[in-house]
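Structure data follow from input_28.cif (mmCIF, C-alpha atoms and all ligand atoms):
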```
data_protein
loop_
_atom_site.label_atom_id
_atom_site.label_comp_id
_atom_site.auth_asym_id
_atom_site.auth_seq_id
_atom_site.Cartn_x
_atom_site.Cartn_y
_atom_site.Cartn_z
CA MET A 28 162.30 -25.81 102.54
CA ASN A 29 160.54 -26.93 99.39
CA ILE A 30 158.06 -24.24 98.32
CA ASN A 31 159.79 -23.27 95.09
CA ASN A 32 157.24 -22.04 92.49
CA LYS A 33 154.29 -22.64 94.78
CA VAL A 34 151.60 -19.96 94.56
CA ILE A 35 150.68 -18.74 98.02
CA VAL A 36 148.03 -16.15 98.94
CA VAL A 37 148.95 -14.07 102.00
CA THR A 38 146.38 -11.81 103.67
CA GLY A 39 147.52 -8.91 105.84
CA VAL A 40 150.53 -8.63 103.54
CA SER A 41 150.99 -4.87 103.90
CA SER A 42 152.31 -4.83 107.47
CA GLY A 43 153.86 -6.80 110.31
CA ILE A 44 153.73 -10.60 110.25
CA GLY A 45 152.04 -10.77 106.83
CA ALA A 46 154.75 -8.67 105.20
CA GLU A 47 157.50 -10.81 106.75
CA THR A 48 155.67 -13.97 105.67
CA ALA A 49 155.58 -12.71 102.08
CA ARG A 50 159.32 -11.93 102.25
CA ALA A 51 160.18 -15.36 103.67
CA LEU A 52 158.01 -17.24 101.15
CA ARG A 53 159.52 -15.32 98.22
CA PHE A 54 163.03 -15.89 99.58
CA HIS A 55 162.31 -19.63 99.32
CA GLY A 56 161.06 -19.29 95.75
CA ALA A 57 157.30 -19.13 96.22
CA ARG A 58 155.11 -16.77 94.21
CA VAL A 59 153.15 -14.59 96.62
CA ILE A 60 149.81 -12.98 95.89
CA GLY A 61 149.04 -10.47 98.64
CA VAL A 62 145.63 -9.37 99.87
CA ASP A 63 145.16 -6.37 102.15
CA ARG A 64 143.00 -3.27 102.56
CA ASN A 65 146.23 -1.20 102.34
CA GLU A 66 148.79 -1.12 99.53
CA PRO A 67 151.89 -3.26 100.17
CA ASN A 68 155.29 -1.65 100.46
CA MET A 69 157.25 -4.42 98.75
CA THR A 70 157.40 -6.22 95.42
CA LEU A 71 154.94 -9.11 95.19
CA ASP A 72 153.89 -11.45 92.40
CA GLY A 73 150.39 -10.06 92.59
CA PHE A 74 148.24 -7.95 94.89
CA VAL A 75 144.49 -7.67 95.41
CA LYS A 76 143.24 -4.73 97.44
CA ALA A 77 140.30 -5.91 99.52
CA ASP A 78 138.44 -5.35 102.76
CA LEU A 79 138.24 -8.79 104.36
CA SER A 80 135.45 -7.82 106.76
CA ASN A 81 132.70 -8.18 104.17
CA PRO A 82 131.72 -11.46 102.42
CA ASP A 83 130.77 -9.74 99.14
CA LEU A 84 134.10 -7.93 99.01
CA ILE A 85 135.88 -11.19 99.86
CA ASP A 86 134.08 -12.84 96.93
CA ASP A 87 135.24 -9.97 94.65
CA ALA A 88 138.82 -10.56 95.85
CA VAL A 89 138.53 -14.32 95.31
CA ALA A 90 137.45 -13.66 91.72
CA GLN A 91 140.72 -11.77 91.14
CA LEU A 92 142.98 -14.50 92.59
CA PRO A 93 144.66 -17.15 90.41
CA ALA A 94 142.54 -20.14 89.36
CA ARG A 95 144.87 -22.56 91.15
CA ILE A 96 146.93 -21.88 94.27
CA ASP A 97 149.05 -23.98 96.63
CA GLY A 98 148.51 -22.20 99.89
CA LEU A 99 146.66 -19.56 101.87
CA CYS A 100 148.16 -17.72 104.86
CA ASN A 101 145.45 -15.90 106.81
CA VAL A 102 147.45 -13.26 108.64
CA ALA A 103 145.17 -10.18 108.42
CA GLY A 104 143.67 -9.27 111.77
CA VAL A 105 142.79 -6.42 114.08
CA PRO A 106 143.49 -6.03 117.83
CA GLY A 107 140.92 -5.89 120.64
CA THR A 108 140.85 -2.10 120.50
CA ALA A 109 138.87 -2.39 117.22
CA ASN A 110 135.08 -2.33 116.99
CA PRO A 111 133.93 -5.78 118.29
CA GLN A 112 131.58 -6.50 115.37
CA LEU A 113 134.30 -5.61 112.89
CA LEU A 114 136.76 -7.77 114.82
CA ALA A 115 134.42 -10.77 114.61
CA ARG A 116 134.08 -10.22 110.87
CA ILE A 117 137.81 -9.85 110.11
CA ASN A 118 139.43 -12.20 112.63
CA TYR A 119 136.92 -15.05 112.34
CA LEU A 120 133.91 -14.92 110.00
CA GLY A 121 135.73 -13.40 107.02
CA LEU A 122 138.74 -15.68 107.46
CA ARG A 123 136.47 -18.73 107.43
CA HIS A 124 134.63 -17.41 104.39
CA LEU A 125 137.87 -16.88 102.47
CA CYS A 126 139.02 -20.44 103.27
CA GLU A 127 135.70 -21.91 102.18
CA GLN A 128 135.69 -19.94 98.92
CA LEU A 129 139.27 -20.91 98.06
CA LEU A 130 139.38 -24.53 99.24
CA ASP A 131 138.52 -26.10 95.87
CA ARG A 132 141.16 -23.96 94.15
CA ILE A 133 143.99 -25.17 96.38
CA ASN A 134 146.04 -27.94 94.74
CA PRO A 135 146.33 -31.31 96.54
CA GLY A 136 149.26 -31.07 98.94
CA GLY A 137 148.38 -27.45 99.65
CA SER A 138 148.31 -25.75 102.99
CA ILE A 139 146.24 -23.21 104.91
CA VAL A 140 147.90 -21.41 107.82
CA ASN A 141 145.83 -19.28 110.19
CA VAL A 142 147.43 -16.83 112.60
CA SER A 143 145.78 -17.29 115.99
CA SER A 144 147.39 -15.93 119.18
CA ILE A 145 148.61 -16.92 122.60
CA LEU A 146 145.52 -14.99 123.71
CA GLY A 147 143.43 -17.85 122.29
CA ALA A 148 145.04 -20.34 124.69
CA GLU A 149 141.99 -20.54 126.95
CA TRP A 150 139.79 -22.17 124.29
CA PRO A 151 139.19 -25.30 126.46
CA ALA A 152 137.20 -23.13 128.91
CA ARG A 153 134.62 -22.35 126.20
CA LEU A 154 135.01 -25.44 124.00
CA GLU A 155 131.30 -26.26 123.63
CA GLN A 156 130.46 -22.67 122.53
CA HIS A 157 133.31 -22.63 120.03
CA LYS A 158 132.35 -26.04 118.67
CA ALA A 159 128.75 -24.89 118.26
CA LEU A 160 129.87 -21.79 116.32
CA ALA A 161 132.27 -23.91 114.24
CA THR A 162 129.35 -25.99 112.98
CA VAL A 163 127.37 -22.92 111.85
CA ARG A 164 128.05 -22.68 108.11
CA GLY A 165 128.33 -19.37 106.28
CA PHE A 166 129.19 -15.77 107.17
CA ASP A 167 125.61 -14.50 107.67
CA SER A 168 124.51 -17.50 109.74
CA GLY A 169 127.66 -17.06 111.84
CA GLU A 170 126.76 -13.43 112.49
CA GLU A 171 123.22 -14.43 113.39
CA TRP A 172 124.52 -17.06 115.84
CA LEU A 173 126.72 -14.40 117.42
CA ARG A 174 123.73 -12.06 117.80
CA ASP A 175 122.00 -14.83 119.77
CA HIS A 176 125.16 -15.62 121.76
CA PRO A 177 126.73 -12.21 122.53
CA VAL A 178 130.46 -12.11 123.23
CA PRO A 179 131.83 -9.88 126.08
CA VAL A 180 133.28 -6.77 124.44
CA GLU A 181 136.36 -6.60 126.66
CA THR A 182 137.51 -10.15 125.75
CA CYS A 183 136.23 -10.39 122.18
CA TYR A 184 139.78 -10.56 120.74
CA GLN A 185 140.54 -13.58 122.93
CA TYR A 186 137.14 -15.14 122.14
CA PHE A 187 137.61 -15.04 118.37
CA LYS A 188 141.20 -16.29 118.49
CA GLU A 189 139.94 -19.20 120.64
CA ALA A 190 137.11 -19.75 118.15
CA LEU A 191 139.60 -19.67 115.26
CA ILE A 192 141.75 -22.38 116.89
CA VAL A 193 138.72 -24.61 117.56
CA TRP A 194 137.30 -24.12 114.03
CA SER A 195 140.70 -24.75 112.39
CA VAL A 196 141.45 -27.87 114.40
CA SER A 197 137.97 -29.32 114.03
CA GLN A 198 137.77 -28.58 110.29
CA ALA A 199 141.29 -29.60 109.30
CA GLN A 200 141.01 -33.37 109.02
CA SER A 201 137.90 -33.45 106.84
CA TRP A 202 139.50 -31.04 104.31
CA PHE A 203 142.69 -33.14 104.38
CA MET A 204 140.65 -36.26 103.64
CA THR A 205 138.55 -34.71 100.86
CA ASN A 206 140.96 -32.18 99.28
CA SER A 207 144.43 -33.21 100.54
CA VAL A 208 144.77 -29.68 101.91
CA ARG A 209 146.19 -29.26 105.40
CA MET A 210 145.15 -26.51 107.83
CA ASN A 211 147.09 -25.41 110.90
CA CYS A 212 147.39 -22.39 113.20
CA VAL A 213 150.39 -20.47 114.43
CA ALA A 214 149.88 -18.78 117.83
CA PRO A 215 152.29 -15.89 118.37
CA GLY A 216 152.96 -14.27 121.73
CA PRO A 217 153.68 -10.53 121.62
CA VAL A 218 155.32 -9.48 118.33
CA PHE A 219 157.04 -6.21 117.41
CA THR A 220 154.49 -4.93 114.85
CA PRO A 221 152.47 -1.70 114.64
CA ILE A 222 149.63 -3.18 116.74
CA LEU A 223 151.76 -4.31 119.70
CA GLY A 224 150.81 -1.10 121.56
CA ASP A 225 147.10 -1.88 121.05
CA PHE A 226 147.61 -5.26 122.73
CA VAL A 227 149.37 -3.64 125.69
CA ALA A 228 146.48 -1.13 126.01
CA MET A 229 143.92 -3.93 125.68
CA LEU A 230 145.54 -6.19 128.30
CA GLY A 231 146.43 -3.54 130.88
CA GLY A 232 147.97 -5.21 133.97
CA ARG A 233 148.24 -8.65 132.33
CA ALA A 234 150.68 -7.30 129.72
CA GLU A 235 152.92 -6.05 132.54
CA LYS A 236 152.77 -9.43 134.31
CA ASP A 237 153.58 -11.30 131.10
CA ALA A 238 156.47 -8.97 130.26
CA HIS A 239 158.53 -10.58 133.06
CA ARG A 240 157.90 -14.09 131.70
CA ILE A 241 159.54 -13.56 128.30
CA LYS A 242 162.93 -12.40 127.12
CA ARG A 243 161.33 -9.97 124.63
CA PRO A 244 158.50 -9.78 122.08
CA ALA A 245 159.13 -11.73 118.87
CA TYR A 246 160.38 -10.17 115.67
CA ALA A 247 157.85 -10.73 112.89
CA ASP A 248 160.30 -12.88 110.88
CA GLU A 249 160.43 -15.37 113.78
CA VAL A 250 156.72 -16.01 113.28
CA ALA A 251 156.95 -15.85 109.48
CA SER A 252 159.52 -18.66 109.38
CA VAL A 253 157.08 -21.06 111.09
CA ILE A 254 154.24 -20.03 108.76
CA THR A 255 156.60 -20.64 105.82
CA PHE A 256 157.51 -24.09 107.16
CA LEU A 257 153.80 -24.96 107.45
CA CYS A 258 153.39 -24.05 103.76
CA SER A 259 156.29 -26.29 102.73
CA GLU A 260 156.52 -29.97 101.74
CA GLN A 261 158.58 -30.60 104.87
CA SER A 262 155.48 -30.12 107.04
CA ARG A 263 153.28 -32.37 104.88
CA TRP A 264 152.23 -34.62 107.78
CA ILE A 265 151.37 -31.78 110.16
CA ASN A 266 147.66 -31.10 110.18
CA GLY A 267 145.07 -29.72 112.59
CA VAL A 268 147.48 -28.23 115.14
CA ASN A 269 147.99 -24.83 116.79
CA ILE A 270 151.71 -24.15 117.18
CA PRO A 271 152.77 -21.58 119.81
CA VAL A 272 155.54 -19.26 118.57
CA ASP A 273 155.96 -17.23 121.73
CA GLY A 274 159.47 -17.71 123.14
CA GLY A 275 158.01 -20.05 125.76
CA LEU A 276 155.34 -17.73 127.19
CA ALA A 277 152.49 -20.27 126.93
CA SER A 278 154.60 -22.84 128.80
CA THR A 279 154.62 -20.55 131.85
CA TYR A 280 150.81 -20.77 132.18
CA LEU A 281 150.97 -24.40 133.37
N1 LIG A 301 151.52 -8.25 116.95
C1 LIG A 301 151.24 -9.11 117.93
O1 LIG A 301 151.71 -8.97 119.07
C2 LIG A 301 150.37 -10.32 117.64
C3 LIG A 301 150.32 -11.35 118.59
C4 LIG A 301 149.53 -12.46 118.36
C5 LIG A 301 148.77 -12.53 117.19
N2 LIG A 301 148.82 -11.53 116.29
C6 LIG A 301 148.01 -11.67 115.07
O2 LIG A 301 148.86 -11.59 113.97
C7 LIG A 301 148.13 -11.15 112.83
C8 LIG A 301 148.91 -10.05 112.12
O3 LIG A 301 149.04 -8.97 113.00
P1 LIG A 301 150.26 -7.95 112.93
O4 LIG A 301 150.77 -7.86 114.31
O5 LIG A 301 151.15 -8.28 111.82
O6 LIG A 301 149.43 -6.61 112.67
P2 LIG A 301 149.59 -5.46 111.57
O7 LIG A 301 148.61 -4.40 111.94
O8 LIG A 301 151.01 -5.09 111.43
O9 LIG A 301 149.11 -6.18 110.25
C9 LIG A 301 147.77 -6.53 110.03
C10 LIG A 301 147.47 -6.39 108.55
O10 LIG A 301 146.11 -6.82 108.36
C11 LIG A 301 145.49 -5.89 107.49
N3 LIG A 301 144.05 -5.85 107.73
C12 LIG A 301 143.42 -5.55 108.88
N4 LIG A 301 142.10 -5.52 108.68
C13 LIG A 301 141.88 -5.82 107.37
C14 LIG A 301 140.72 -5.94 106.56
N5 LIG A 301 139.50 -5.69 107.04
N6 LIG A 301 140.89 -6.26 105.26
C15 LIG A 301 142.12 -6.48 104.75
N7 LIG A 301 143.25 -6.37 105.46
C16 LIG A 301 143.13 -6.04 106.76
C17 LIG A 301 146.12 -4.54 107.82
O11 LIG A 301 145.94 -3.59 106.79
C18 LIG A 301 147.57 -4.93 108.06
O12 LIG A 301 148.31 -4.87 106.86
C19 LIG A 301 146.76 -10.72 113.36
O13 LIG A 301 145.83 -11.75 113.10
C20 LIG A 301 146.98 -10.58 114.85
O14 LIG A 301 145.81 -10.81 115.58
C21 LIG A 301 149.60 -10.42 116.47
#
```
As structure tokens, the full file:
Amino acid sequence: MNINNKVIVVTGVSSGIGAETARALRFHGARVIGVDRNEPNMTLDGFVKADLSNPDLIDDAVAQLPARIDGLCNVAGVPGTANPQLLARINYLGLRHLCEQLLDRINPGGSIVNVSSILGAEWPARLEQHKALATVRGFDSGEEWLRDHPVPVETCYQYFKEALIVWSVSQAQSWFMTNSVRMNCVAPGPVFTPILGDFVAMLGGRAEKDAHRIKRPAYADEVASVITFLCSEQSRWINGVNIPVDGGLASTYL
């Protein structure tokens, strides 16, 4: 994979899928600048400690990132056991804000990869809502829209992963046309990371039902390798898609 010497920003770098993504990118020669609210436990080419739930703090982090980058992997996220307002801010509004702030600093040919989830697979059921939110520009206006269109607490994780897929897919082509920057999503099924237990708690009976449909949860490196591919030259004609990386789980929902 050709990503040698590319400068890639990876959020959520201090644990799970983000940490494995940083490892895989560096293995292929990329320079990785990590962003996380926690310190990383590996060697990186740079690290910015930041809370990605707050637009002002995101702007502070952006100011500390290199002037030019080649990619952005948005991996940071919290499970549905988190406070719903915080979840909306981290998993959707803050991610969007970071992309918008960094877009003009990404070199032509660059790539943005957003980690969605198999739990966002039901986006067609709420497409019009997600499209409406996708057209609301800015973090604060997004929060205001969400105050007027409350999201059910028990399914807010699913809602914002669906919204992330719809925003990413609907935004991707215009950024490709104007900036030559691609944007895609990777949708993992269950992954062995520290928050897997939170997902099992959040899903209750559904987690048990799904357990029989897969061989096992993924290892984080199995997701990281697809994210790495989407950052590389070899994926240069892939844009505006959401790729399941779930050992076939989504295929069983047909
Ligand atoms: N583990 C799974 O089964 C699974 C399945 C599908 C999707 N995902 C998604 O994958 C992504 C990564 O999850 P993971 O399983 O590696 O979890 P993880 O908890 O191992 O890693 C998440 C990282 O994000 C960071 N983070 C969280 N909130 C932050 C904030 N406000 N500011 C800065 N950093 C913050 C954490 O510190 C942590 O390092 C998430 O978006 C999650 O929704 C996970």
Exercise. List as a PyMOL selection string: which residues have an atom within 9 Å of (160.5, -9.3, 114.7), counting all atoms listed in the file?
Worked result: chain A and resi 43-44+47+218-220+244-250
Problem set entry | Exercise answer, 8 Å around ligand LIG 301 (chain A) with all atoms listed in the file, as a ChimeraX atom specification | /A:38-46,62-65,67,76-81,101-106,113,117-118,142-146,184,188,214-223,226,244-245,247
Problem set entry | Computed interatomic separation between CA of Trp202 (chain A) and CA of Leu125 (chain A) (Å) |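 Separating CA of Trp202 (chain A) from CA of Leu125 (chain A) is a distance of 14.4 Å.
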Problem set entry | Interatomic distance, CA of Thr70 (chain A) to CA of Asp83 (chain A) (Å, one decimal) |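 That distance, rounded to one decimal, is 27.1 Å.
Closest approach to Gly165 (chain A) from the set A:Ser195, A:Gln91, A:Gln128, A:Asn141 is made by A:Gln128, with distances taken over all atoms listed in the file.
Of the residues listed (A:Glu66, A:Asp237, A:Asp72, A:Glu155), A:Asp72 shows the shortest atom-to-atom separation from Arg53 (chain A); distances use only C-alpha atoms.
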Problem set entry | Separation of CA of Gly136 (chain A) from CA of Gly61 (chain A), in Å and rounded to one decimal |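 Taking CA of Gly136 (chain A) and CA of Gly61 (chain A), their separation equals 20.6 Å.
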Neighbours of Gly56 (chain A) within 8 Å (only C-alpha atoms; same-chain residues fewer than 5 positions away dropped), as a PDB file with C-alpha atoms, in the coordinates of the input?
```pdb
ATOM      1  CA  ILE A  30     158.060 -24.240  98.320  1.00  0.00           C
ATOM      2  CA  ASN A  31     159.790 -23.270  95.090  1.00  0.00           C
ATOM      3  CA  ASN A  32     157.240 -22.040  92.490  1.00  0.00           C
ATOM      4  CA  LYS A  33     154.290 -22.640  94.780  1.00  0.00           C
TER       5      LYS A  33
END
```
For this session: Within 9 Å of (156.6, -13.4, 102.1) (coordinates as in the file), grab all the protein and nucleic acid residues, counting all atoms listed in the file, and write them out as a ChimeraX atom specification.
Result: /A:35,37,40,45-55,57-59,61,71,251,255
